[in-house]
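J.: Before we start, here is the structure in question, set down as structure tokens.
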Amino acid sequence: MTFDQAGQPDLSVVIPVYNGERILAATMARLTGYLTSGSSEIIIVENGSSDNTLEVARRHAVDTPHVTFRVLQSQKGMGNAYRRGIEASSGRRVLLTADDLPFGTDDLDEDQKFDPKPHVVIGSKAHKNSVIERSALRGLTTFAFKTLRQVILGSKVGDSQGTLIVDGAWLRSMVDRFDDPGFLFSTQVVYAAEKQGFGIVEVPVTLAPDDEPGETTIRIADVVNMFKGLMAMRRRRSEFAVAPSTGTHAS
């Protein structure tokens, strides 16, 4: 890839946080303990919380020799938070993850094995070697979403809702096209990479056992919105297929 800049971080970690005051400090400490070489930035994006998430983030955002922190805010919605964090990022690669690190650092461990790096690495629940314990209802929902993506978008990716590690320059140059305010944001990223012919690799992960506490309630409205969102993405397929004008090319 092009775009390397002297002194830029190796990695930007973008973490949307909504009402995450109970888990955020542990997540920040775990990442700081893991990122002990090179240079990384961790970007916390609080989005519409009603608890003390913002205060917790600011209190624990302590830089180390290898990690710098930024604490930002966005409108409510995971997609809105991701977009804000991507715009503020500067890393060669960008990890889009969740405030509870659902796969621990499995995704980052797998990404380290590649040289050269794939354009997109997905911490994928669909990988045959992933260890995923989940309710039957959640599994059915995941299967339904995958089927809709395959039928509506022609997507070959098994899991577009995992964590993503993406070429940073490309992601920043494309961020204005990724406009979903919610959970379809990562699917837009994956779809654009597919349409532009970039290499996408899904890697195995282990889902944290407490990632899905309690029962999951799926409403008909959720399924309808999922369908509408994918159809809107399909209508924009030619837009997603156009590479940014920054010189990135498929590899």
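Identifiers in the structure tokens: chain A, B, ... in order shown; residue index from 1 per chain; ligand index from 1 in order shown.
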Please report, as a VMD selection string, each residue of segment 39-87 of chain A to which DSSP assigns strand (DSSP E) when run on this structure's backbone.
T.: chain A and resid 40 to 46 67 to 73
J.: Distance table requested - segment 171-242 of chain A against segment 112-135 of chain A, cut-off 6 Å, only C-alpha atoms: one row per qualifying residue with the closest atom pair and its distance in Å to one decimal, ordered by chain and rising residue number, as CSV.
T.:
```
residue,atom,partner,partner_atom,distance
A:Gly199,CA,A:His119,CA,5.4
A:Ile200,CA,A:Val120,CA,4.8
A:Val201,CA,A:Val121,CA,4.9
A:Glu202,CA,A:Ile122,CA,4.6
A:Val203,CA,A:Gly123,CA,5.3
A:Pro204,CA,A:Ser130,CA,4.5
A:Val205,CA,A:Ser130,CA,4.8
A:Thr206,CA,A:Val131,CA,4.6
A:Leu207,CA,A:Ile132,CA,5.3
```
J.: Using atom CA of Thr68 of chain A and atom CA of Ala29 of chain A as the two end points, give the distance in Å to one decimal.
T.: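 For atom CA of Thr68 of chain A relative to atom CA of Ala29 of chain A, the distance reads 12.4 Å.
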J.: With distances taken over only C-alpha atoms, which of A:Ala241, A:Leu101, A:Leu140, A:Val13 is nearest to Gln196 of chain A?
T.: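 For Gln196 of chain A, the nearest of the candidates is A:Ala241.
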J.: Using only C-alpha atoms, which protein or nucleic acid residues come within 8 Å of Arg172 of chain A? Drop anything in the same chain fewer than 2 positions from it, and give the result as a list in words.
T.: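 Once the adjacent positions are removed, what remains is Ile86, Glu87, Ser89, Gly168, Ala169, Trp170, Met174 and Val175 of chain A.
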J.: Which polymer residues have any atom within 8 Å of an atom of Arg92 of chain A, counting only C-alpha atoms, with same-chain residues fewer than 3 positions away left out, as a PyMOL selection string?
T.: chain A and resi 4+8-12+167-169
J.: With C-alpha atoms retained, export the selected residues as a CSV table (one decimal), in the first residue's frame.
T.:
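Wrote it out as again.csv, contents follow:
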```
chain,number,residue,atom,x,y,z
A,4,ASP,CA,2.9,5.6,4.8
A,8,GLN,CA,2.6,7.6,12.2
A,9,PRO,CA,1.3,4.9,14.6
A,10,ASP,CA,1.4,1.3,13.6
A,11,LEU,CA,-2.1,0.7,14.9
A,12,SER,CA,-5.2,2.7,15.8
A,167,ASP,CA,-5.6,-0.6,6.0
A,168,GLY,CA,-5.8,2.8,7.7
A,169,ALA,CA,-5.2,5.1,4.7
```
J.: For Val14 of chain A, which residue among A:Leu72, A:Leu35, A:Met233, A:Ala192 is the nearest when counting only C-alpha atoms?
T.: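 Among the listed residues, A:Leu72 lies closest to Val14 of chain A.
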J.: Can you tell me, as a PyMOL selection string, what residues are no more than 10 Å from Arg149 of chain A when counting only C-alpha atoms, ignoring any on the same chain fewer than 2 positions away?
T.: chain A and resi 143-147+151-160+187+191+226-227+230-231+234
J.: Would you output that residue set with N, CA and C atoms, as a short mmCIF file (atom, residue, chain, number, x, y, z; two decimals), in the first residue's frame?
T.:
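Result file selection_15.cif:
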```cif
data_model
loop_
_atom_site.label_atom_id
_atom_site.label_comp_id
_atom_site.auth_asym_id
_atom_site.auth_seq_id
_atom_site.Cartn_x
_atom_site.Cartn_y
_atom_site.Cartn_z
N PHE A 143 -27.16 -16.54 11.11
CA PHE A 143 -27.31 -17.28 9.85
C PHE A 143 -28.23 -16.53 8.88
N ALA A 144 -29.32 -15.97 9.41
CA ALA A 144 -30.26 -15.23 8.55
C ALA A 144 -29.59 -14.00 7.94
N PHE A 145 -28.79 -13.29 8.75
CA PHE A 145 -28.11 -12.11 8.23
C PHE A 145 -27.09 -12.49 7.17
N LYS A 146 -26.34 -13.56 7.41
CA LYS A 146 -25.36 -14.02 6.43
C LYS A 146 -26.05 -14.38 5.11
N THR A 147 -27.19 -15.07 5.21
CA THR A 147 -27.93 -15.47 4.01
C THR A 147 -28.42 -14.25 3.24
N VAL A 151 -27.44 -13.20 -0.61
CA VAL A 151 -28.47 -13.08 -1.65
C VAL A 151 -28.55 -11.64 -2.18
N ILE A 152 -28.56 -10.67 -1.28
CA ILE A 152 -28.78 -9.27 -1.69
C ILE A 152 -27.50 -8.63 -2.22
N LEU A 153 -26.37 -8.88 -1.55
CA LEU A 153 -25.11 -8.22 -1.93
C LEU A 153 -24.17 -9.11 -2.73
N GLY A 154 -24.43 -10.41 -2.74
CA GLY A 154 -23.49 -11.33 -3.39
C GLY A 154 -22.19 -11.45 -2.62
N SER A 155 -22.24 -11.21 -1.32
CA SER A 155 -21.03 -11.23 -0.50
C SER A 155 -20.53 -12.64 -0.28
N LYS A 156 -19.23 -12.80 -0.33
CA LYS A 156 -18.60 -14.11 -0.10
C LYS A 156 -18.04 -14.22 1.32
N VAL A 157 -18.11 -13.16 2.09
CA VAL A 157 -17.54 -13.13 3.43
C VAL A 157 -18.48 -13.84 4.40
N GLY A 158 -17.90 -14.65 5.28
CA GLY A 158 -18.71 -15.40 6.22
C GLY A 158 -19.29 -14.56 7.35
N ASP A 159 -18.53 -13.57 7.84
CA ASP A 159 -18.96 -12.77 8.98
C ASP A 159 -18.49 -11.34 8.81
N SER A 160 -19.41 -10.46 8.46
CA SER A 160 -19.06 -9.04 8.32
C SER A 160 -19.28 -8.28 9.61
N THR A 187 -20.41 -3.81 7.90
CA THR A 187 -20.78 -4.49 6.66
C THR A 187 -20.51 -3.59 5.45
N TYR A 191 -18.12 -4.70 2.46
CA TYR A 191 -18.70 -4.71 1.11
C TYR A 191 -17.88 -3.87 0.15
N MET A 226 -32.80 -4.62 8.92
CA MET A 226 -31.66 -5.32 8.34
C MET A 226 -31.83 -5.44 6.82
N PHE A 227 -33.01 -5.87 6.41
CA PHE A 227 -33.30 -6.03 4.98
C PHE A 227 -33.21 -4.69 4.25
N LEU A 230 -29.55 -3.52 3.86
CA LEU A 230 -28.81 -4.25 2.83
C LEU A 230 -29.27 -3.85 1.44
N MET A 231 -30.57 -3.61 1.26
CA MET A 231 -31.06 -3.18 -0.04
C MET A 231 -30.51 -1.80 -0.39
N ARG A 234 -27.04 -2.25 -1.59
CA ARG A 234 -27.00 -2.79 -2.96
C ARG A 234 -27.22 -1.69 -3.99
#
```
J.: Quick one: pull the distance between atom CA of Glu110 of chain A and atom CA of Asp176 of chain A, Å, one decimal.
T.: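 So the two atoms, atom CA of Glu110 of chain A and atom CA of Asp176 of chain A, lie 28.5 Å apart.
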J.: What does the structure give for the distance between atom CA of Pro65 of chain A and atom CA of Gly33 of chain A, in Å to one decimal?
T.: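 Separation of atom CA of Pro65 of chain A and atom CA of Gly33 of chain A: 11.5 Å.
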J.: I'd like to know which residues of segment 9-244 of chain A are alpha helix (DSSP H) (by DSSP, run on the backbone); could you write them as a VMD selection string?
T.: chain A and resid 24 to 34 53 to 60 78 to 88 106 to 111 136 to 153 168 to 174 185 to 195 220 to 235 237 to 241
J.: What's the 12 Å shell around Glu21 of chain A, counting only C-alpha atoms, without same-chain residues fewer than 4 positions away, as a ChimeraX atom specification?
T.: /A:17,25-28,46,49-60,99-100
